[in-house]
$ cat data_9.tsv   # TSV, C-alpha atoms
chain	number	residue	atom	x	y	z
S	5	MET	CA	57.35	-32.45	-43.26
S	6	PHE	CA	54.29	-30.30	-42.84
S	7	VAL	CA	51.44	-31.31	-45.13
S	8	THR	CA	48.60	-28.96	-45.90
S	9	LEU	CA	45.43	-30.80	-46.77
S	10	SER	CA	42.78	-29.33	-48.95
S	11	CYS	CA	39.15	-29.38	-47.85
S	12	GLY	CA	36.56	-29.94	-50.56
S	13	ASP	CA	36.44	-27.29	-53.28
S	14	ASN	CA	38.97	-25.17	-51.49
S	15	VAL	CA	36.16	-23.32	-49.79
S	16	ALA	CA	36.62	-22.90	-46.06
S	17	ARG	CA	34.18	-24.37	-43.60
S	18	LYS	CA	33.04	-21.37	-41.60
S	19	ILE	CA	31.99	-22.49	-38.14
S	20	VAL	CA	30.65	-20.09	-35.52
S	21	LEU	CA	31.04	-21.05	-31.85
S	22	THR	CA	28.14	-19.62	-29.93
S	23	SER	CA	26.24	-20.24	-26.70
S	24	GLY	CA	23.97	-17.44	-25.58
S	25	LYS	CA	25.23	-17.62	-22.03
S	26	GLY	CA	28.63	-16.16	-21.21
S	27	GLY	CA	31.48	-18.01	-19.53
S	28	VAL	CA	30.66	-21.47	-20.86
S	29	GLY	CA	33.98	-21.85	-22.68
S	30	LYS	CA	33.37	-20.70	-26.26
S	31	THR	CA	36.77	-19.09	-26.62
S	32	THR	CA	38.65	-21.98	-24.99
S	33	ILE	CA	36.89	-24.49	-27.24
S	34	CYS	CA	37.46	-22.30	-30.30
S	35	ALA	CA	41.19	-22.11	-29.53
S	36	ASN	CA	41.59	-25.81	-28.74
S	37	LEU	CA	39.56	-26.93	-31.76
S	38	GLY	CA	41.68	-24.67	-33.95
S	39	VAL	CA	44.91	-26.12	-32.57
S	40	ARG	CA	43.75	-29.71	-33.17
S	41	LEU	CA	42.57	-29.00	-36.71
S	42	ALA	CA	45.88	-27.25	-37.46
S	43	ASN	CA	47.70	-30.24	-35.98
S	44	LEU	CA	45.81	-32.46	-38.44
S	45	GLY	CA	47.34	-30.38	-41.22
S	46	PHE	CA	44.50	-27.99	-42.03
S	47	ARG	CA	44.87	-24.29	-42.59
S	48	VAL	CA	42.85	-22.71	-39.80
S	49	ALA	CA	41.90	-19.10	-39.08
S	50	LEU	CA	40.48	-18.17	-35.69
S	51	VAL	CA	38.45	-15.00	-35.96
S	52	ASP	CA	37.51	-13.18	-32.78
S	53	VAL	CA	34.21	-11.37	-33.36
S	54	ASP	CA	33.70	-10.69	-29.65
S	55	ILE	CA	34.34	-6.98	-30.17
S	56	GLY	CA	35.25	-5.04	-27.03
S	57	LEU	CA	35.53	-8.18	-24.86
S	58	ASN	CA	38.14	-9.95	-26.92
S	59	ASN	CA	39.99	-12.83	-25.28
S	60	LEU	CA	40.97	-15.19	-28.06
S	61	ASP	CA	44.40	-13.52	-28.35
S	62	VAL	CA	45.15	-14.08	-24.67
S	63	ILE	CA	43.93	-17.70	-24.70
S	64	MET	CA	46.15	-18.32	-27.74
S	65	GLY	CA	49.08	-16.59	-26.00
S	66	VAL	CA	49.58	-14.05	-28.82
S	67	GLU	CA	48.38	-10.93	-26.99
S	68	ASN	CA	51.80	-9.28	-27.35
S	69	LYS	CA	51.86	-9.78	-31.11
S	70	VAL	CA	48.69	-7.84	-31.89
S	71	LEU	CA	49.47	-4.91	-34.21
S	72	PHE	CA	46.22	-4.64	-36.14
S	73	ASP	CA	42.79	-6.06	-35.46
S	74	LEU	CA	39.46	-6.80	-37.11
S	75	SER	CA	38.26	-3.19	-36.95
S	76	ASP	CA	41.52	-2.00	-38.59
S	77	VAL	CA	40.86	-4.37	-41.50
S	78	ILE	CA	37.25	-3.17	-41.76
S	79	SER	CA	38.28	0.48	-41.71
S	80	ALA	CA	40.99	-0.26	-44.32
S	81	LYS	CA	43.84	0.80	-42.01
S	82	CYS	CA	45.61	-2.42	-42.95
S	83	ARG	CA	45.23	-5.47	-45.17
S	84	VAL	CA	43.80	-8.67	-43.69
S	85	ARG	CA	47.19	-10.37	-44.11
S	86	GLN	CA	48.78	-7.75	-41.85
S	87	ALA	CA	46.25	-8.32	-39.08
S	88	LEU	CA	46.59	-12.12	-39.09
S	89	ILE	CA	48.94	-13.51	-36.45
S	90	GLN	CA	50.63	-16.79	-37.29
S	91	ASP	CA	50.91	-19.18	-34.35
S	92	SER	CA	54.53	-20.04	-33.62
S	93	ARG	CA	53.71	-23.64	-32.59
S	94	TYR	CA	51.32	-24.52	-35.41
S	95	PRO	CA	52.34	-22.74	-38.64
S	96	SER	CA	49.02	-23.36	-40.41
S	97	LEU	CA	47.09	-21.70	-37.58
S	98	TYR	CA	46.32	-17.98	-37.77
S	99	ILE	CA	44.50	-15.67	-35.38
S	100	LEU	CA	42.58	-12.57	-36.37
S	101	PRO	CA	42.16	-10.60	-33.12
S	102	SER	CA	39.17	-8.42	-32.45
S	103	ALA	CA	39.12	-4.77	-31.48
S	104	HIS	CA	39.53	-4.04	-27.78
S	105	THR	CA	38.70	-0.35	-27.81
S	106	SER	CA	35.73	0.08	-30.10
S	107	GLY	CA	32.33	-0.96	-28.83
S	108	GLY	CA	31.67	-2.27	-32.30
S	109	ALA	CA	28.56	-0.17	-32.89
S	110	ASP	CA	29.91	0.93	-36.27
S	111	ILE	CA	30.81	-2.62	-37.42
S	112	SER	CA	28.04	-4.28	-39.40
S	113	GLU	CA	27.33	-7.93	-40.23
S	114	GLU	CA	28.37	-7.25	-43.84
S	115	ASN	CA	31.68	-5.71	-42.67
S	116	VAL	CA	32.60	-8.92	-40.83
S	117	LYS	CA	31.41	-11.06	-43.74
S	118	ASN	CA	33.66	-9.13	-46.15
S	119	VAL	CA	36.69	-9.90	-43.96
S	120	ILE	CA	35.72	-13.59	-43.66
S	121	ASP	CA	35.27	-13.74	-47.44
S	122	MET	CA	38.79	-12.38	-47.86
S	123	LEU	CA	40.11	-15.22	-45.69
S	124	ASP	CA	37.97	-17.88	-47.37
S	125	PRO	CA	40.23	-18.93	-50.29
S	126	ASN	CA	43.29	-19.30	-48.05
S	127	PHE	CA	41.91	-21.52	-45.32
S	128	ASP	CA	40.25	-24.90	-44.80
S	129	TYR	CA	38.57	-23.86	-41.56
S	130	ILE	CA	37.49	-20.48	-40.28
S	131	LEU	CA	36.36	-20.64	-36.66
S	132	ILE	CA	34.37	-17.62	-35.54
S	133	ASP	CA	34.33	-16.83	-31.83
S	134	CYS	CA	30.93	-15.31	-31.07
S	135	PRO	CA	30.17	-13.00	-28.12
S	136	ALA	CA	27.71	-13.95	-25.40
S	137	GLY	CA	24.12	-12.76	-25.73
S	138	VAL	CA	21.74	-12.69	-28.67
S	139	ASP	CA	21.97	-9.05	-29.70
S	140	LYS	CA	23.85	-7.33	-32.52
S	141	GLY	CA	27.22	-8.95	-31.74
S	142	PHE	CA	25.66	-12.41	-32.01
S	143	HIS	CA	24.12	-11.71	-35.42
S	144	ARG	CA	27.39	-10.15	-36.60
S	145	ALA	CA	29.21	-13.40	-35.81
S	146	VAL	CA	26.58	-15.82	-37.14
S	147	PHE	CA	25.91	-13.94	-40.39
S	148	SER	CA	29.18	-15.06	-42.02
S	149	ALA	CA	29.04	-18.69	-40.87
S	150	ASN	CA	27.65	-21.71	-42.67
S	151	GLU	CA	27.83	-24.04	-39.67
S	152	ALA	CA	27.33	-23.54	-35.94
S	153	LEU	CA	28.61	-25.22	-32.81
S	154	VAL	CA	26.55	-24.34	-29.75
S	155	VAL	CA	28.59	-24.60	-26.56
S	156	VAL	CA	26.63	-25.54	-23.48
S	157	THR	CA	27.44	-26.61	-19.92
S	158	PRO	CA	25.26	-29.15	-18.07
S	159	HIS	CA	23.58	-26.40	-16.09
S	160	ILE	CA	19.94	-25.35	-16.41
S	161	SER	CA	20.67	-21.68	-17.22
S	162	SER	CA	23.15	-22.57	-19.94
S	163	ILE	CA	20.83	-25.15	-21.55
S	164	ARG	CA	17.91	-22.72	-21.51
S	165	ASP	CA	20.00	-20.03	-23.20
S	166	ALA	CA	21.26	-22.55	-25.75
S	167	ASP	CA	17.64	-23.38	-26.58
S	168	LYS	CA	16.94	-19.71	-27.31
S	169	VAL	CA	20.08	-19.47	-29.43
S	170	LEU	CA	19.06	-22.57	-31.40
S	171	THR	CA	15.65	-21.02	-32.09
S	172	ILE	CA	17.36	-17.90	-33.50
S	173	LEU	CA	19.89	-20.00	-35.43
S	174	SER	CA	17.03	-21.84	-37.16
S	175	SER	CA	16.21	-18.58	-38.99
S	176	TYR	CA	19.71	-18.64	-40.53
S	177	ASN	CA	20.43	-20.82	-43.50
S	178	LEU	CA	23.06	-22.95	-41.77
S	179	PHE	CA	24.38	-26.17	-43.23
S	180	SER	CA	24.60	-27.85	-39.84
S	181	THR	CA	24.30	-27.18	-36.12
S	182	GLY	CA	25.97	-29.26	-33.43
S	183	LEU	CA	26.30	-29.24	-29.68
S	184	VAL	CA	29.48	-29.18	-27.60
S	185	VAL	CA	28.89	-29.97	-23.94
S	186	ASN	CA	31.63	-28.42	-21.84
S	187	ARG	CA	32.61	-28.84	-18.17
S	188	VAL	CA	31.05	-32.27	-17.77
S	189	ARG	CA	31.89	-33.89	-14.41
S	190	GLY	CA	32.08	-37.66	-14.59
S	191	ASP	CA	31.72	-38.09	-10.82
S	192	LEU	CA	28.46	-36.11	-10.74
S	193	LEU	CA	27.13	-37.97	-13.79
S	194	LEU	CA	27.68	-41.29	-12.04
S	195	SER	CA	25.99	-40.12	-8.85
S	196	GLY	CA	23.03	-38.72	-10.85
S	197	GLU	CA	23.71	-35.15	-9.77
S	198	MET	CA	24.33	-33.72	-13.24
S	199	ILE	CA	22.06	-33.71	-16.30
S	200	SER	CA	23.49	-36.22	-18.76
S	201	VAL	CA	24.88	-35.30	-22.16
S	202	GLU	CA	22.25	-37.50	-23.88
S	203	LYS	CA	19.43	-35.75	-22.03
S	204	ILE	CA	20.79	-32.31	-23.05
S	205	SER	CA	20.91	-33.44	-26.68
S	206	GLU	CA	17.35	-34.81	-26.40
S	207	LEU	CA	15.99	-31.62	-24.79
S	208	LEU	CA	17.60	-29.35	-27.35
S	209	GLY	CA	17.04	-31.66	-30.32
S	210	VAL	CA	20.60	-31.25	-31.59
S	211	LYS	CA	23.31	-33.85	-32.15
S	212	ILE	CA	26.35	-33.95	-29.87
S	213	VAL	CA	29.61	-33.14	-31.62
S	214	GLY	CA	31.84	-32.99	-28.57
S	215	VAL	CA	31.95	-33.58	-24.84
S	216	ILE	CA	34.65	-31.81	-22.84
S	217	PRO	CA	35.28	-32.80	-19.21
S	218	ASP	CA	35.64	-30.30	-16.40
S	219	ASP	CA	39.36	-30.78	-16.14
S	220	ASP	CA	41.93	-28.82	-14.16
S	221	GLU	CA	44.45	-29.23	-16.97
S	222	VAL	CA	42.22	-27.43	-19.50
S	223	SER	CA	41.92	-24.48	-17.11
S	224	THR	CA	45.65	-24.43	-16.27
S	225	LEU	CA	46.70	-24.57	-19.93
S	226	SER	CA	44.41	-21.69	-20.92
S	227	THR	CA	45.84	-19.61	-18.07
S	228	LEU	CA	49.28	-20.21	-19.57
S	229	GLY	CA	48.13	-19.70	-23.17
S	230	ALA	CA	49.54	-23.16	-23.84
S	231	PHE	CA	48.25	-26.37	-25.42
S	232	SER	CA	48.96	-30.02	-24.83
S	233	LEU	CA	48.08	-32.55	-27.50
S	234	ASN	CA	48.84	-35.74	-25.62
S	235	SER	CA	47.45	-35.32	-22.13
S	236	THR	CA	44.34	-37.22	-21.03
S	237	GLY	CA	42.54	-34.05	-19.94
S	238	THR	CA	42.70	-32.55	-23.40
S	239	ARG	CA	42.05	-35.75	-25.41
S	240	ALA	CA	38.40	-34.75	-25.63
S	241	PHE	CA	39.39	-31.82	-27.89
S	242	SER	CA	41.05	-34.23	-30.33
S	243	LEU	CA	37.81	-36.24	-30.51
S	244	LEU	CA	35.89	-33.00	-31.08
S	245	ALA	CA	38.20	-32.05	-33.98
S	246	GLU	CA	37.82	-35.56	-35.45
S	247	ASN	CA	34.02	-35.35	-35.20
S	248	VAL	CA	33.97	-31.87	-36.75
S	249	HIS	CA	36.12	-32.96	-39.67
S	250	ASN	CA	34.82	-36.47	-40.33
S	251	GLY	CA	31.25	-36.09	-39.14
S	252	THR	CA	31.75	-38.96	-36.69
S	253	ARG	CA	30.08	-39.12	-33.27
S	254	LYS	CA	32.92	-40.26	-31.00
S	255	VAL	CA	31.96	-39.00	-27.58
S	256	TYR	CA	34.51	-38.65	-24.81
S	257	ASP	CA	33.51	-40.71	-21.78
S	258	CYS	CA	33.89	-38.37	-18.80
S	259	THR	CA	32.88	-41.11	-16.34
S	260	LEU	CA	35.74	-43.44	-17.27
S	261	LYS	CA	38.19	-42.23	-14.65
S	262	TYR	CA	35.54	-42.50	-11.93
S	263	ARG	CA	34.71	-46.15	-12.60
S	264	GLY	CA	36.14	-49.20	-10.84
S	265	PHE	CA	37.87	-49.31	-7.47
S	266	MET	CA	40.26	-46.43	-8.14
S	267	GLY	CA	37.43	-44.43	-9.68
S	268	ALA	CA	35.26	-44.88	-6.59
S	269	LEU	CA	38.20	-43.69	-4.49
S	270	ARG	CA	38.61	-40.60	-6.68
S	271	ARG	CA	34.91	-39.88	-6.41
S	272	SER	CA	34.91	-40.12	-2.66
S	273	ILE	CA	37.99	-37.87	-2.38
S	274	LYS	CA	36.46	-35.30	-4.74
S	275	LYS	CA	33.24	-35.31	-2.72
S	276	ARG	CA	35.08	-34.74	0.57
S	277	VAL	CA	37.08	-31.87	-0.91
X	5	MET	CA	13.58	-42.56	-6.55
X	6	PHE	CA	14.41	-39.46	-8.58
X	7	THR	CA	18.00	-38.27	-8.81
X	8	ILE	CA	18.99	-34.61	-8.81
X	9	ALA	CA	19.60	-34.90	-12.56
X	10	ASP	CA	16.02	-36.22	-13.09
X	11	ILE	CA	14.54	-33.31	-11.13
X	12	GLY	CA	16.73	-30.85	-13.05
X	13	SER	CA	15.71	-32.36	-16.39
X	14	LYS	CA	12.00	-32.12	-15.52
X	15	ARG	CA	12.35	-28.49	-14.42
X	16	LEU	CA	14.26	-27.68	-17.58
X	17	GLU	CA	11.67	-29.41	-19.76
X	18	LYS	CA	8.91	-27.24	-18.24
X	19	VAL	CA	10.96	-24.04	-18.61
X	20	LEU	CA	11.75	-24.77	-22.26
X	21	VAL	CA	8.06	-25.38	-23.01
X	22	LYS	CA	7.06	-22.20	-21.14
X	23	ASP	CA	9.63	-20.19	-23.12
X	24	LYS	CA	8.01	-21.39	-26.31
X	25	THR	CA	4.39	-20.63	-25.39
X	26	GLU	CA	4.59	-16.88	-25.92
X	27	ASP	CA	5.49	-16.94	-29.60
X	28	PRO	CA	2.75	-19.46	-30.55
X	29	LYS	CA	0.20	-17.04	-29.07
X	30	LYS	CA	1.41	-14.39	-31.51
X	31	LEU	CA	1.43	-16.99	-34.27
X	32	ALA	CA	-2.19	-17.91	-33.43
X	33	GLU	CA	-3.19	-14.27	-34.05
X	34	ILE	CA	-1.47	-14.23	-37.44
X	35	LEU	CA	-3.01	-17.62	-38.36
X	36	LYS	CA	-6.43	-16.40	-37.31
X	37	SER	CA	-6.34	-13.44	-39.67
X	38	ASP	CA	-4.99	-15.58	-42.56
X	39	LEU	CA	-7.55	-18.34	-41.93
X	40	LEU	CA	-10.35	-15.79	-41.83
X	41	ASN	CA	-9.34	-14.50	-45.27
X	42	LEU	CA	-9.22	-18.06	-46.60
X	43	LEU	CA	-12.51	-19.20	-45.05
X	44	GLN	CA	-14.39	-16.14	-46.30
X	45	ASN	CA	-13.96	-17.51	-49.82
X	46	TYR	CA	-16.21	-20.42	-48.84
X	47	MET	CA	-18.45	-19.19	-46.05
X	48	GLU	CA	-19.72	-16.24	-44.10
X	49	VAL	CA	-17.75	-16.66	-40.92
X	50	LYS	CA	-19.64	-15.66	-37.81
X	51	ASP	CA	-17.03	-16.62	-35.27
X	52	LEU	CA	-13.48	-17.97	-35.49
X	53	ASN	CA	-11.33	-19.24	-32.64
X	54	VAL	CA	-7.74	-20.29	-33.12
X	55	ASP	CA	-6.02	-21.87	-30.18
X	56	PHE	CA	-2.38	-22.87	-29.97
X	57	GLU	CA	-1.20	-25.09	-27.15
X	58	VAL	CA	2.28	-26.32	-26.41
X	59	ASP	CA	3.36	-29.13	-24.17
X	60	THR	CA	6.21	-31.62	-24.07
X	61	GLU	CA	4.40	-33.81	-26.65
X	62	GLY	CA	4.25	-31.11	-29.33
X	63	TYR	CA	2.32	-28.15	-30.73
X	64	PHE	CA	-1.48	-28.48	-30.87
X	65	LEU	CA	-3.60	-26.22	-33.06
X	66	THR	CA	-7.37	-26.09	-32.58
X	67	VAL	CA	-9.52	-24.14	-35.03
X	68	ASN	CA	-13.24	-23.55	-34.35
X	69	ALA	CA	-15.27	-21.78	-36.99
X	70	GLU	CA	-18.96	-20.95	-36.98
X	71	ALA	CA	-20.72	-19.95	-40.21
X	72	LYS	CA	-24.21	-18.71	-40.99
X	73	ARG	CA	-23.94	-19.62	-44.65
X	74	ILE	CA	-21.68	-21.83	-46.73
X	75	LYS	CA	-21.40	-20.35	-50.20
X	76	THR	CA	-21.73	-23.73	-51.99
X	77	PHE	CA	-24.58	-25.07	-49.89
X	78	GLY	CA	-26.46	-21.87	-49.10
X	79	ILE	CA	-28.09	-20.81	-45.86
X	80	LEU	CA	-29.32	-23.37	-43.30
X	81	PRO	CA	-33.09	-23.57	-42.79
X	82	ASN	CA	-34.37	-22.36	-39.40
$ encode --input "data_9.tsv" --output "structure tokens"
Amino acid sequence: MFVTLSCGDNVARKIVLTSGKGGVGKTTICANLGVRLANLGFRVALVDVDIGLNNLDVIMGVENKVLFDLSDVISAKCRVRQALIQDSRYPSLYILPSAHTSGGADISEENVKNVIDMLDPNFDYILIDCPAGVDKGFHRAVFSANEALVVVTPHISSIRDADKVLTILSSYNLFSTGLVVNRVRGDLLLSGEMISVEKISELLGVKIVGVIPDDDEVSTLSTLGAFSLNSTGTRAFSLLAENVHNGTRKVYDCTLKYRGFMGALRRSIKKRV
Amino acid sequence: MFTIADIGSKRLEKVLVKDKTEDPKKLAEILKSDLLNLLQNYMEVKDLNVDFEVDTEGYFLTVNAEAKRIKTFGILPN
């Protein structure tokens, strides 16, 4: 039996996934976090606010079901219910795709907020996929949120951009801001060739909510528009969902599979390749 | 012996501090004009210097004010 849990005063937690830098995995993390929260029984809406460069539909594997999008709702061509796409695998998970034609110049922060407010009473979680950059599209996505997850990779350019984003976010009245470190390589952490997750958190002054390893399976599954809840490569997403919901700090240990005799062997093979 | 991660962290630390030094300079200008308004209630300010420095330890604000006359105490004898 499918159980729908209620979250607090039946007001959705509106979390924006942002990063500053492009290509760090915002959309993939948004999709996977949504799937895990839906799997826990929550009603989840994934809202793609990356107008013009929308990809959430394709990552979720619903690109062929898109009839209406965010801009259609804003321009009153359809009702929000008509634009929402229900996921066939997780019935409490819905996707609101973003416009692929319009550049979004005519869509304001208030327009997006009105749509999010319409969704609010019907969901426990609303995850907002933010575009890269810190211009109008960024503000449009952050304006409606009351929490933020900043996605960062352990690379200097990504961390620097995240720092700028965090400075801008501090001018918003957000309830909480957390860090998700994506594409962490356990082998490079052990050999001291990658900046550690703890150091990133210390430099940016933000708590870690999730650590996602650089795993082939994550990449393969997003190519297929599929999700796996039980595989080791995607277990980190379950921990992220747990941390987001419960406020815990369970961090996935990316170095685990590179420890011990077999781990050393894996490391040496990976280095040679 | 520094690892690649240590070198990267140090470089990043410097870059993050550098990124934050431009705005404090603007802030120092705003502070200077506000402080001048405030100080003029108590003294005749001859010269006011407001300096904002940033490093990895924190933000450091230095204010230097020179006055010919403090309104409560009067003018200094030559």
$ atom_distance --input "data_9.tsv" --atom1 "atom CA of Leu183 of chain S" --atom2 "atom CA of His143 of chain S"
18.6 Å
$ closest_residue --input "data_9.tsv" --among "S:Gly214, S:Leu41, S:Leu243, S:Leu207" --to "Glu61 of chain X" --atoms "all atoms listed in the file"
S:Leu207
$ atom_distance --input "data_9.tsv" --atom1 "atom CA of Lys254 of chain S" --atom2 "atom CA of Thr224 of chain S"
25.1 Å
$ residues_around --input "data_9.tsv" --residues "segment 23-38 of chain X" --least-positions-apart "2" --cutoff "12 Å" --atoms "only C-alpha atoms" --output "NGL selection string"
(:S and (164-165 or 167-168 or 171)) or (:X and (16-21 or 40-45 or 49 or 51-60 or 62-69))
$ interface_residues --input "data_9.tsv" --of "chain X" --to "chain S" --cutoff "6 Å" --atoms "all atoms listed in the file" --output "PyMOL selection string"
chain X and resi 7-9
$ residues_around --input "data_9.tsv" --residues "Ile55 of chain S" --least-positions-apart "6" --cutoff "12 Å" --atoms "all atoms listed in the file" --output "NGL selection string"
:S and (73-75 or 100-112 or 116 or 132-136 or 140-142 or 144-145)
$ residues_around --input "data_9.tsv" --residues "Lys72 of chain X" --least-positions-apart "4" --cutoff "10 Å" --atoms "all atoms listed in the file" --output "PyMOL selection string"
chain X and resi 47-51+78-80
$ residues_around --input "data_9.tsv" --residues "Glu151 of chain S" --least-positions-apart "3" --cutoff "12 Å" --atoms "all atoms listed in the file" --output "number ranges by chain"
S: 16-22, 129-132, 145-148, 154, 173-174, 176-183, 248
$ atom_distance --input "data_9.tsv" --atom1 "atom CA of Lys211 of chain S" --atom2 "atom CA of Ile99 of chain S"
28.1 Å
